[in-house]
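Chemist: See target.txt below, with compact mmCIF, C-alpha atoms.
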# COMPACT_ATOMS: atom_id res chain seq x y z
CA MET A 1020 -14.77 -31.89 -59.13
CA PRO A 1021 -12.64 -28.72 -58.80
CA ALA A 1022 -9.64 -28.93 -56.50
CA ALA A 1023 -10.12 -27.55 -53.00
CA GLU A 1024 -8.33 -24.37 -52.01
CA PRO A 1025 -4.83 -24.94 -50.63
CA THR A 1026 -4.58 -25.49 -46.89
CA PRO A 1027 -3.45 -22.22 -45.26
CA LEU A 1028 0.29 -22.05 -44.71
CA ASP A 1029 1.31 -20.52 -41.38
CA ILE A 1030 4.31 -18.44 -42.44
CA PRO A 1031 4.96 -14.76 -41.65
CA ALA A 1032 4.37 -12.38 -44.52
CA ASP A 1033 7.92 -11.05 -44.24
CA ALA A 1034 9.53 -14.49 -44.76
CA LYS A 1035 11.58 -14.11 -47.94
CA HIS A 1036 12.53 -17.71 -48.73
CA ILE A 1037 10.50 -20.87 -48.12
CA VAL A 1038 12.06 -24.34 -48.08
CA LEU A 1039 9.70 -27.30 -48.56
CA PHE A 1040 10.48 -30.81 -47.38
CA GLY A 1041 8.04 -33.55 -48.32
CA GLY A 1042 8.00 -37.18 -47.25
CA THR A 1043 6.04 -39.98 -45.66
CA PHE A 1044 7.63 -39.34 -42.22
CA ASP A 1045 6.58 -42.75 -40.94
CA PRO A 1046 8.06 -42.05 -38.45
CA PRO A 1047 9.93 -38.74 -38.62
CA HIS A 1048 13.47 -39.18 -37.28
CA GLN A 1049 16.29 -36.83 -36.38
CA ALA A 1050 18.01 -37.27 -39.72
CA HIS A 1051 14.88 -35.70 -41.23
CA THR A 1052 14.80 -32.74 -38.88
CA LEU A 1053 18.49 -32.02 -38.40
CA LEU A 1054 19.39 -32.24 -42.09
CA ALA A 1055 16.35 -30.22 -43.14
CA ASP A 1056 17.36 -27.52 -40.68
CA LEU A 1057 20.89 -27.67 -42.08
CA ALA A 1058 19.49 -27.14 -45.57
CA ARG A 1059 17.47 -24.15 -44.38
CA ARG A 1060 20.54 -22.60 -42.76
CA GLU A 1061 22.54 -23.12 -45.94
CA ILE A 1062 19.83 -21.33 -47.92
CA GLU A 1063 20.07 -18.45 -45.45
CA ARG A 1064 23.85 -18.35 -45.87
CA ARG A 1065 23.75 -18.43 -49.66
CA HIS A 1066 20.97 -15.90 -50.07
CA ALA A 1067 21.57 -13.71 -47.00
CA CYS A 1068 17.94 -13.85 -45.90
CA SER A 1069 15.71 -15.47 -43.31
CA ALA A 1070 14.22 -18.76 -44.55
CA TRP A 1071 11.30 -20.82 -43.27
CA LEU A 1072 11.22 -24.61 -43.31
CA VAL A 1073 7.96 -26.37 -44.19
CA PHE A 1074 7.51 -30.11 -43.58
CA ILE A 1075 4.85 -31.70 -45.81
CA PRO A 1076 3.62 -35.19 -44.88
CA ALA A 1077 2.56 -37.04 -48.02
CA ALA A 1078 -0.84 -38.67 -48.34
CA ARG A 1079 0.54 -41.44 -50.54
CA SER A 1080 3.64 -41.26 -52.66
CA PRO A 1081 3.15 -42.40 -56.29
CA HIS A 1082 6.78 -43.62 -56.16
CA LYS A 1083 6.20 -46.06 -53.27
CA ASP A 1084 4.15 -49.24 -53.41
CA SER A 1085 3.45 -49.53 -49.70
CA ALA A 1086 1.06 -47.35 -47.73
CA PRO A 1087 2.17 -45.58 -44.54
CA HIS A 1088 2.20 -47.70 -41.39
CA ALA A 1089 0.86 -44.94 -39.11
CA THR A 1090 -2.36 -43.08 -39.88
CA ASP A 1091 -2.28 -39.60 -41.41
CA ALA A 1092 -3.22 -38.02 -38.09
CA GLN A 1093 -0.53 -39.97 -36.25
CA ARG A 1094 2.16 -38.99 -38.76
CA VAL A 1095 1.17 -35.33 -38.52
CA GLU A 1096 1.28 -35.44 -34.72
CA MET A 1097 4.67 -37.16 -34.69
CA LEU A 1098 6.00 -34.59 -37.14
CA ARG A 1099 4.79 -31.74 -34.94
CA LEU A 1100 6.52 -33.36 -31.96
CA ALA A 1101 9.71 -33.96 -33.95
CA THR A 1102 9.92 -30.34 -35.14
CA ASP A 1103 9.07 -28.70 -31.85
CA GLY A 1104 11.87 -26.33 -31.00
CA ILE A 1105 13.22 -25.91 -34.54
CA ASP A 1106 13.40 -22.24 -35.47
CA ARG A 1107 11.27 -20.89 -38.32
CA CYS A 1108 9.56 -24.19 -39.00
CA THR A 1109 6.00 -25.36 -39.61
CA VAL A 1110 4.02 -28.39 -40.80
CA TRP A 1111 1.75 -28.03 -43.86
CA THR A 1112 -0.93 -30.73 -44.28
CA ASP A 1113 -2.10 -29.79 -47.77
CA GLU A 1114 -1.21 -33.15 -49.36
CA ILE A 1115 -3.18 -35.06 -46.76
CA ASP A 1116 -6.06 -32.59 -46.75
CA ARG A 1117 -6.59 -32.69 -50.51
CA ALA A 1118 -6.26 -36.44 -50.89
CA THR A 1119 -9.14 -38.63 -51.96
CA SER A 1120 -9.23 -42.40 -51.81
CA GLY A 1121 -6.55 -43.79 -54.09
CA GLU A 1122 -5.36 -40.39 -55.32
CA PRO A 1123 -1.55 -40.26 -55.63
CA SER A 1124 0.32 -37.40 -54.03
CA TYR A 1125 2.24 -35.64 -56.81
CA TRP A 1126 4.93 -33.15 -55.84
CA LEU A 1127 4.12 -31.03 -58.91
CA THR A 1128 0.66 -30.29 -57.53
CA THR A 1129 2.10 -29.48 -54.12
CA LEU A 1130 4.53 -26.97 -55.62
CA GLN A 1131 1.77 -25.36 -57.69
CA ARG A 1132 -0.45 -24.96 -54.63
CA ALA A 1133 2.41 -23.62 -52.53
CA ARG A 1134 3.14 -21.07 -55.24
CA VAL A 1135 -0.51 -19.91 -55.11
CA LEU A 1136 -0.11 -19.14 -51.41
CA LEU A 1137 3.41 -17.73 -51.53
CA GLY A 1138 3.19 -15.54 -54.63
CA ASP A 1139 6.58 -14.51 -55.95
CA ARG A 1140 8.55 -15.32 -52.80
CA ALA A 1141 11.63 -17.50 -53.28
CA LEU A 1142 10.75 -21.18 -53.06
CA SER A 1143 13.03 -24.22 -52.71
CA PHE A 1144 12.50 -27.90 -51.96
CA ILE A 1145 14.76 -30.47 -50.33
CA ILE A 1146 15.55 -33.65 -52.22
CA GLY A 1147 18.00 -36.48 -51.58
CA SER A 1148 20.66 -37.12 -54.20
CA ASP A 1149 19.25 -40.60 -54.80
CA GLN A 1150 15.87 -39.06 -55.65
CA ALA A 1151 17.53 -36.36 -57.76
CA ALA A 1152 19.06 -39.10 -59.92
CA SER A 1153 15.55 -40.28 -60.83
CA PHE A 1154 13.87 -36.86 -60.84
CA HIS A 1155 13.50 -36.99 -64.64
CA ARG A 1156 10.87 -39.71 -64.12
CA TRP A 1157 8.73 -37.51 -61.89
CA ARG A 1158 5.73 -35.72 -63.34
CA GLU A 1159 6.79 -32.67 -65.42
CA PRO A 1160 10.26 -32.28 -63.88
CA ARG A 1161 11.18 -29.09 -65.72
CA THR A 1162 7.87 -27.46 -64.76
CA MET A 1163 8.67 -28.22 -61.13
CA LEU A 1164 12.08 -26.58 -61.48
CA ASP A 1165 10.36 -23.46 -62.84
CA LEU A 1166 8.26 -23.38 -59.67
CA ALA A 1167 11.00 -24.04 -57.10
CA ALA A 1168 14.74 -24.70 -56.88
CA PRO A 1169 16.03 -28.01 -55.50
CA VAL A 1170 18.30 -28.25 -52.47
CA VAL A 1171 20.15 -31.55 -52.78
CA LEU A 1172 21.30 -33.55 -49.74
CA PRO A 1173 23.85 -36.33 -50.38
CA ARG A 1174 22.71 -39.91 -49.89
CA GLU A 1175 24.74 -43.05 -50.49
CA PRO A 1176 26.06 -43.86 -53.02
CA ILE A 1177 25.71 -40.38 -54.56
CA ILE A 1178 27.72 -38.28 -52.11
CA SER A 1179 29.76 -35.85 -54.22
CA ALA A 1180 29.26 -33.32 -56.99
CA THR A 1181 30.98 -35.66 -59.42
CA SER A 1182 28.85 -38.68 -58.57
CA LEU A 1183 25.67 -36.57 -58.68
CA ARG A 1184 26.49 -35.23 -62.13
CA GLU A 1185 27.39 -38.69 -63.43
CA ALA A 1186 24.22 -40.27 -62.05
CA MET A 1187 21.99 -37.58 -63.52
CA ALA A 1188 23.82 -37.54 -66.86
CA ARG A 1189 23.19 -41.27 -67.29
CA ALA A 1190 19.47 -40.54 -67.58
CA GLY A 1191 20.10 -38.79 -70.91
CA PHE A 1192 17.43 -36.25 -70.00
CA TRP A 1193 19.24 -33.17 -68.68
CA ARG A 1194 21.11 -30.56 -70.70
CA GLU A 1195 24.62 -29.58 -69.63
CA ARG A 1196 23.50 -26.29 -68.10
CA GLU A 1197 20.80 -28.12 -66.16
CA LEU A 1198 23.36 -30.57 -64.80
CA ASP A 1199 25.50 -27.59 -63.76
CA ALA A 1200 22.54 -26.14 -61.86
CA TRP A 1201 21.83 -29.42 -60.04
CA VAL A 1202 25.44 -29.75 -58.96
CA GLU A 1203 25.51 -26.18 -57.67
CA ARG A 1204 22.57 -26.99 -55.40
CA LEU A 1205 24.25 -29.91 -53.66
CA ILE A 1206 24.93 -29.23 -49.97
CA VAL A 1207 28.22 -30.64 -48.78
CA THR A 1208 27.53 -32.66 -45.63
CA ASP A 1209 27.72 -36.22 -44.38
CA ALA A 1210 25.77 -38.63 -46.55
CA VAL A 1211 22.30 -39.48 -45.26
CA ALA A 1212 22.09 -43.19 -44.53
CA ALA A 1213 19.09 -42.97 -42.20
CA ALA A 1214 15.68 -44.24 -43.19
CA SER A 1215 12.29 -44.56 -41.54
CA THR A 1216 12.26 -48.23 -42.59
CA GLU A 1217 15.18 -48.91 -40.25
CA VAL A 1218 13.34 -47.23 -37.37
CA ARG A 1219 10.13 -49.19 -38.00
CA GLU A 1220 11.89 -52.54 -38.30
CA ALA A 1221 13.69 -51.98 -34.99
CA HIS A 1222 10.30 -52.40 -33.26
CA GLY A 1223 11.17 -49.83 -30.62
CA ALA A 1224 14.75 -50.99 -30.04
CA GLN A 1225 17.74 -48.64 -30.18
CA THR A 1226 18.74 -47.78 -33.75
CA ILE A 1227 21.50 -45.92 -35.54
CA THR A 1228 18.86 -43.40 -36.53
CA PRO A 1229 17.59 -41.65 -33.37
CA VAL A 1230 14.09 -40.29 -33.02
CA HIS A 1231 12.99 -37.39 -30.87
CA PRO A 1232 12.12 -38.67 -27.36
CA ALA A 1233 8.59 -37.28 -27.67
CA VAL A 1234 8.13 -39.17 -30.96
CA ALA A 1235 9.44 -42.39 -29.40
CA GLU A 1236 7.03 -42.02 -26.49
CA TYR A 1237 4.11 -41.26 -28.80
CA ALA A 1238 4.90 -44.36 -30.88
CA ARG A 1239 5.15 -46.47 -27.72
CA VAL A 1240 1.87 -45.27 -26.26
CA ASN A 1241 0.07 -45.78 -29.57
CA LYS A 1242 1.75 -49.16 -30.19
CA LEU A 1243 3.24 -48.07 -33.51
CA TYR A 1244 6.00 -50.15 -35.13
CA ALA A 1245 5.90 -52.69 -32.27
CA LYS A 1246 6.10 -56.42 -32.88
CA SER A 1247 2.69 -57.98 -33.05
Would it be possible to restate this file's structure as structure tokens?
Modeler:
Amino acid sequence: MPAAEPTPLDIPADAKHIVLFGGTFDPPHQAHTLLADLARREIERRHACSAWLVFIPAARSPHKDSAPHATDAQRVEMLRLATDGIDRCTVWTDEIDRATSGEPSYWLTTLQRARVLLGDRALSFIIGSDQAASFHRWREPRTMLDLAAPVVLPREPIISATSLREAMARAGFWRERELDAWVERLIVTDAVAAASTEVREAHGAQTITPVHPAVAEYARVNKLYAKS
């Protein structure tokens, strides 16, 4: 069966640089939104242009064994609530829309479909340093880098340019010039320790990782992440 057309992406035609951020977002928390917005602003600073941020909820990550706790529709709604008020930001549901039962959600396909919609506009994607260290195991990693440039956010224990380079060099996959490019794309900021797992396991209690009040209320009303 031929793949369906990409879900329309609501971005102005004059947007010069698009920054993609994919994840399960189960639930989306303020570390997701604030750091993604920081990455977008850094792109604007480096490239002297207006950038748009696109959140992409995954249907099912091939790198995670467990399925999302909330439904697709609930995760999309929480993500819309969490990103309300962020400038130049939208939610793109292409991964969920194209999914079939049991079909993994590969980032390569997402980048290819985004490129179809965006043409030759500049395209980047946000990735944590911990994920960057294992990026060589993703499907066709060099093809993905031809499609879009990574924006690397530090996550423990990989929080500096030196530790990022060392971690990626240990894979024995990347050439020296490729390692140089990865390091150049690291954004210097506080390491990201937050995780949706911590929010879920708190069962609605106060956590180190805050969630948007509207997301917390939505989760409460819909009895998400509460103790059974």
Chemist: Could you name the residues that touch Pro1031 in chain A at 12 Å or less, counting all atoms listed in the file, but leaving out those on the same chain fewer than 3 positions away, as a list in words?
Modeler: Pro1027, Leu1028, Ala1034, Lys1035, His1036, Ile1037, Ser1069, Ala1070, Trp1071, Leu1072, Arg1107, Cys1108, Thr1109, Leu1136, Leu1137 and Arg1140 of chain A
Chemist: Would you list the contacts of Val1073 in chain A as a list in words, taking every protein, DNA or RNA residue within 7 Å and counting all atoms listed in the file, but skipping same-chain residues closer than 4 positions in sequence?
Modeler: Val1038, Leu1039, Phe1040, Cys1108, Thr1109, Val1110 and Trp1111 of chain A
Chemist: So that each row is one residue of range 1119-1164 of chain A with an atom at most 12 Å from range 1171-1194 of chain A, can you give its shortest atom pair and the distance in Å to one decimal, using only C-alpha atoms, rows by chain and rising number, as CSV?
Modeler:
residue,atom,partner,partner_atom,distance
A:Ser1143,CA,A:Val1171,CA,10.2
A:Phe1144,CA,A:Val1171,CA,8.5
A:Ile1145,CA,A:Val1171,CA,6.0
A:Ile1146,CA,A:Val1171,CA,5.1
A:Gly1147,CA,A:Leu1172,CA,4.8
A:Ser1148,CA,A:Pro1173,CA,5.0
A:Asp1149,CA,A:Arg1174,CA,6.0
A:Gln1150,CA,A:Arg1174,CA,9.0
A:Ala1151,CA,A:Met1187,CA,7.4
A:Ala1152,CA,A:Met1187,CA,4.9
A:Ser1153,CA,A:Met1187,CA,7.5
A:Phe1154,CA,A:Met1187,CA,8.6
A:His1155,CA,A:Phe1192,CA,6.7
A:Arg1156,CA,A:Ala1190,CA,9.3
A:Trp1157,CA,A:Phe1192,CA,12.0
A:Pro1160,CA,A:Trp1193,CA,10.2
A:Arg1161,CA,A:Trp1193,CA,9.5
Chemist: What is the CA of Pro1232 in chain A to CA of Ala1050 in chain A distance in Å?
Modeler: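 Taking CA of Pro1232 in chain A and CA of Ala1050 in chain A, their separation equals 13.8 Å.
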Chemist: Restricting the calculation to all atoms listed in the file: of A:Arg1158, A:Arg1239, A:Arg1196, A:Arg1132, which residue gets closest to Glu1024 in chain A?
Modeler: A:Arg1132
Chemist: Env of Arg1117 in chain A: 10 Å cut, atoms = all atoms listed in the file, seq-sep filter 5 positions within chain, self excluded. Answer as a list in words.
Modeler: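 Counting only the stated atoms, we get Ala1022, Ala1023, Glu1024, Pro1025, Thr1026, Ala1078, Thr1112, Glu1122, Ser1124 and Thr1129 of chain A.
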Chemist: Neighbouring residues of Trp1126 in chain A were defined as those with any atom within 9 Å, considering only C-alpha atoms; residues of the same chain fewer than 4 positions away were excluded. Please report them as a list in words.
Modeler: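 Listed by chain and then number, they are Gly1041, Ser1080, Glu1114, Leu1130, Gln1131, Trp1157, Arg1158 and Met1163 of chain A.
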Chemist: Mind checking which residues fall within 8 Å of His1231 in chain A, counting all atoms listed in the file, ignoring those fewer than 6 positions away in the same chain, and posting them as a list in words?
Modeler: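 Listed by chain and then number, they are His1048, Gln1049, Leu1100 and Ala1101 of chain A.
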Chemist: So, counting all atoms listed in the file, which residue among A:Asp1056, A:Asp1045, A:Asp1033, A:His1066 is closest to Asp1091 in chain A?
Modeler: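 Selected residue with least distance to Asp1091 in chain A: A:Asp1045.
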Chemist: Return the single residue from A:Val1240, A:Ala1167, A:Ile1115, A:Leu1098 that is closest to Thr1052 in chain A, with distances computed using all atoms listed in the file.
Modeler: A:Leu1098
Chemist: Could you tell me how far CA of Ala1233 in chain A sits from CA of Leu1054 in chain A, in Å to one decimal place?
Modeler: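 So the answer is 18.7 Å.
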Chemist: Closest to Arg1059 in chain A among A:Asn1241, A:Ile1105, A:His1088, A:Pro1047, using only C-alpha atoms?
Modeler: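 Looking only at the distances to Arg1059 in chain A, the closest residue turns out to be A:Ile1105.
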Chemist: Could you check which of A:Phe1074, A:Ala1032, A:Ala1245, A:Phe1044 is closest to Thr1090 in chain A, using only C-alpha atoms?
Modeler: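 Of A:Phe1074, A:Ala1032, A:Ala1245, A:Phe1044, the one nearest Thr1090 in chain A is A:Phe1044, counting only C-alpha atoms.
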Chemist: Export range 1111-1137 of chain A of the preceding structure, keeping N, CA and C atoms, as an mmCIF file, in the first residue's frame.
Modeler:
data_model
loop_
_atom_site.group_PDB
_atom_site.id
_atom_site.type_symbol
_atom_site.label_atom_id
_atom_site.label_comp_id
_atom_site.auth_asym_id
_atom_site.auth_seq_id
_atom_site.Cartn_x
_atom_site.Cartn_y
_atom_site.Cartn_z
ATOM 1 N N TRP A 1111 2.601 18.934 14.827
ATOM 2 C CA TRP A 1111 2.414 18.200 13.567
ATOM 3 C C TRP A 1111 2.151 16.743 13.905
ATOM 4 N N THR A 1112 1.002 16.203 13.489
ATOM 5 C CA THR A 1112 0.580 14.855 13.877
ATOM 6 C C THR A 1112 0.872 13.807 12.805
ATOM 7 N N ASP A 1113 1.813 14.062 11.926
ATOM 8 C CA ASP A 1113 2.054 13.149 10.810
ATOM 9 C C ASP A 1113 2.418 11.740 11.273
ATOM 10 N N GLU A 1114 3.234 11.601 12.306
ATOM 11 C CA GLU A 1114 3.639 10.260 12.742
ATOM 12 C C GLU A 1114 2.437 9.457 13.229
ATOM 13 N N ILE A 1115 1.573 10.098 13.977
ATOM 14 C CA ILE A 1115 0.369 9.414 14.449
ATOM 15 C C ILE A 1115 -0.577 9.124 13.285
ATOM 16 N N ASP A 1116 -0.740 10.097 12.400
ATOM 17 C CA ASP A 1116 -1.696 9.950 11.306
ATOM 18 C C ASP A 1116 -1.315 8.839 10.336
ATOM 19 N N ARG A 1117 -0.021 8.620 10.147
ATOM 20 C CA ARG A 1117 0.390 7.621 9.148
ATOM 21 C C ARG A 1117 0.539 6.223 9.738
ATOM 22 N N ALA A 1118 0.462 6.130 11.048
ATOM 23 C CA ALA A 1118 0.744 4.855 11.702
ATOM 24 C C ALA A 1118 -0.327 3.814 11.399
ATOM 25 N N THR A 1119 0.119 2.589 11.273
ATOM 26 C CA THR A 1119 -0.790 1.442 11.216
ATOM 27 C C THR A 1119 -0.460 0.554 12.407
ATOM 28 N N SER A 1120 -1.306 -0.397 12.677
ATOM 29 C CA SER A 1120 -1.108 -1.236 13.853
ATOM 30 C C SER A 1120 0.249 -1.924 13.812
ATOM 31 N N GLY A 1121 1.053 -1.650 14.848
ATOM 32 C CA GLY A 1121 2.355 -2.296 14.959
ATOM 33 C C GLY A 1121 3.454 -1.664 14.131
ATOM 34 N N GLU A 1122 3.170 -0.604 13.404
ATOM 35 C CA GLU A 1122 4.192 0.021 12.564
ATOM 36 C C GLU A 1122 5.062 0.955 13.405
ATOM 37 N N PRO A 1123 6.388 0.737 13.418
ATOM 38 C CA PRO A 1123 7.255 1.617 14.207
ATOM 39 C C PRO A 1123 7.334 3.000 13.592
ATOM 40 N N SER A 1124 7.691 3.957 14.418
ATOM 41 C CA SER A 1124 7.707 5.359 14.004
ATOM 42 C C SER A 1124 9.162 5.785 13.791
ATOM 43 N N TYR A 1125 9.652 5.663 12.563
ATOM 44 C CA TYR A 1125 11.053 5.970 12.283
ATOM 45 C C TYR A 1125 11.232 7.454 11.973
ATOM 46 N N TRP A 1126 12.240 8.040 12.600
ATOM 47 C CA TRP A 1126 12.525 9.459 12.415
ATOM 48 C C TRP A 1126 12.965 9.753 10.985
ATOM 49 N N LEU A 1127 13.629 8.808 10.339
ATOM 50 C CA LEU A 1127 14.037 8.991 8.942
ATOM 51 C C LEU A 1127 12.827 9.303 8.072
ATOM 52 N N THR A 1128 11.760 8.533 8.228
ATOM 53 C CA THR A 1128 10.557 8.750 7.427
ATOM 54 C C THR A 1128 9.947 10.112 7.719
ATOM 55 N N THR A 1129 9.948 10.501 8.983
ATOM 56 C CA THR A 1129 9.406 11.801 9.365
ATOM 57 C C THR A 1129 10.182 12.930 8.695
ATOM 58 N N LEU A 1130 11.499 12.836 8.703
ATOM 59 C CA LEU A 1130 12.314 13.868 8.062
ATOM 60 C C LEU A 1130 12.069 13.912 6.553
ATOM 61 N N GLN A 1131 11.946 12.761 5.935
ATOM 62 C CA GLN A 1131 11.686 12.716 4.490
ATOM 63 C C GLN A 1131 10.348 13.365 4.156
ATOM 64 N N ARG A 1132 9.335 13.107 4.968
ATOM 65 C CA ARG A 1132 8.013 13.671 4.706
ATOM 66 C C ARG A 1132 7.984 15.163 5.011
ATOM 67 N N ALA A 1133 8.720 15.586 6.032
ATOM 68 C CA ALA A 1133 8.819 17.017 6.312
ATOM 69 C C ALA A 1133 9.502 17.736 5.152
ATOM 70 N N ARG A 1134 10.530 17.109 4.605
ATOM 71 C CA ARG A 1134 11.255 17.724 3.491
ATOM 72 C C ARG A 1134 10.354 17.879 2.267
ATOM 73 N N VAL A 1135 9.442 16.923 2.053
ATOM 74 C CA VAL A 1135 8.489 17.031 0.938
ATOM 75 C C VAL A 1135 7.660 18.297 1.088
ATOM 76 N N LEU A 1136 7.211 18.583 2.297
ATOM 77 C CA LEU A 1136 6.365 19.746 2.536
ATOM 78 C C LEU A 1136 7.142 21.055 2.553
ATOM 79 N N LEU A 1137 8.380 21.012 3.019
ATOM 80 C CA LEU A 1137 9.135 22.241 3.253
ATOM 81 C C LEU A 1137 10.062 22.618 2.112
#
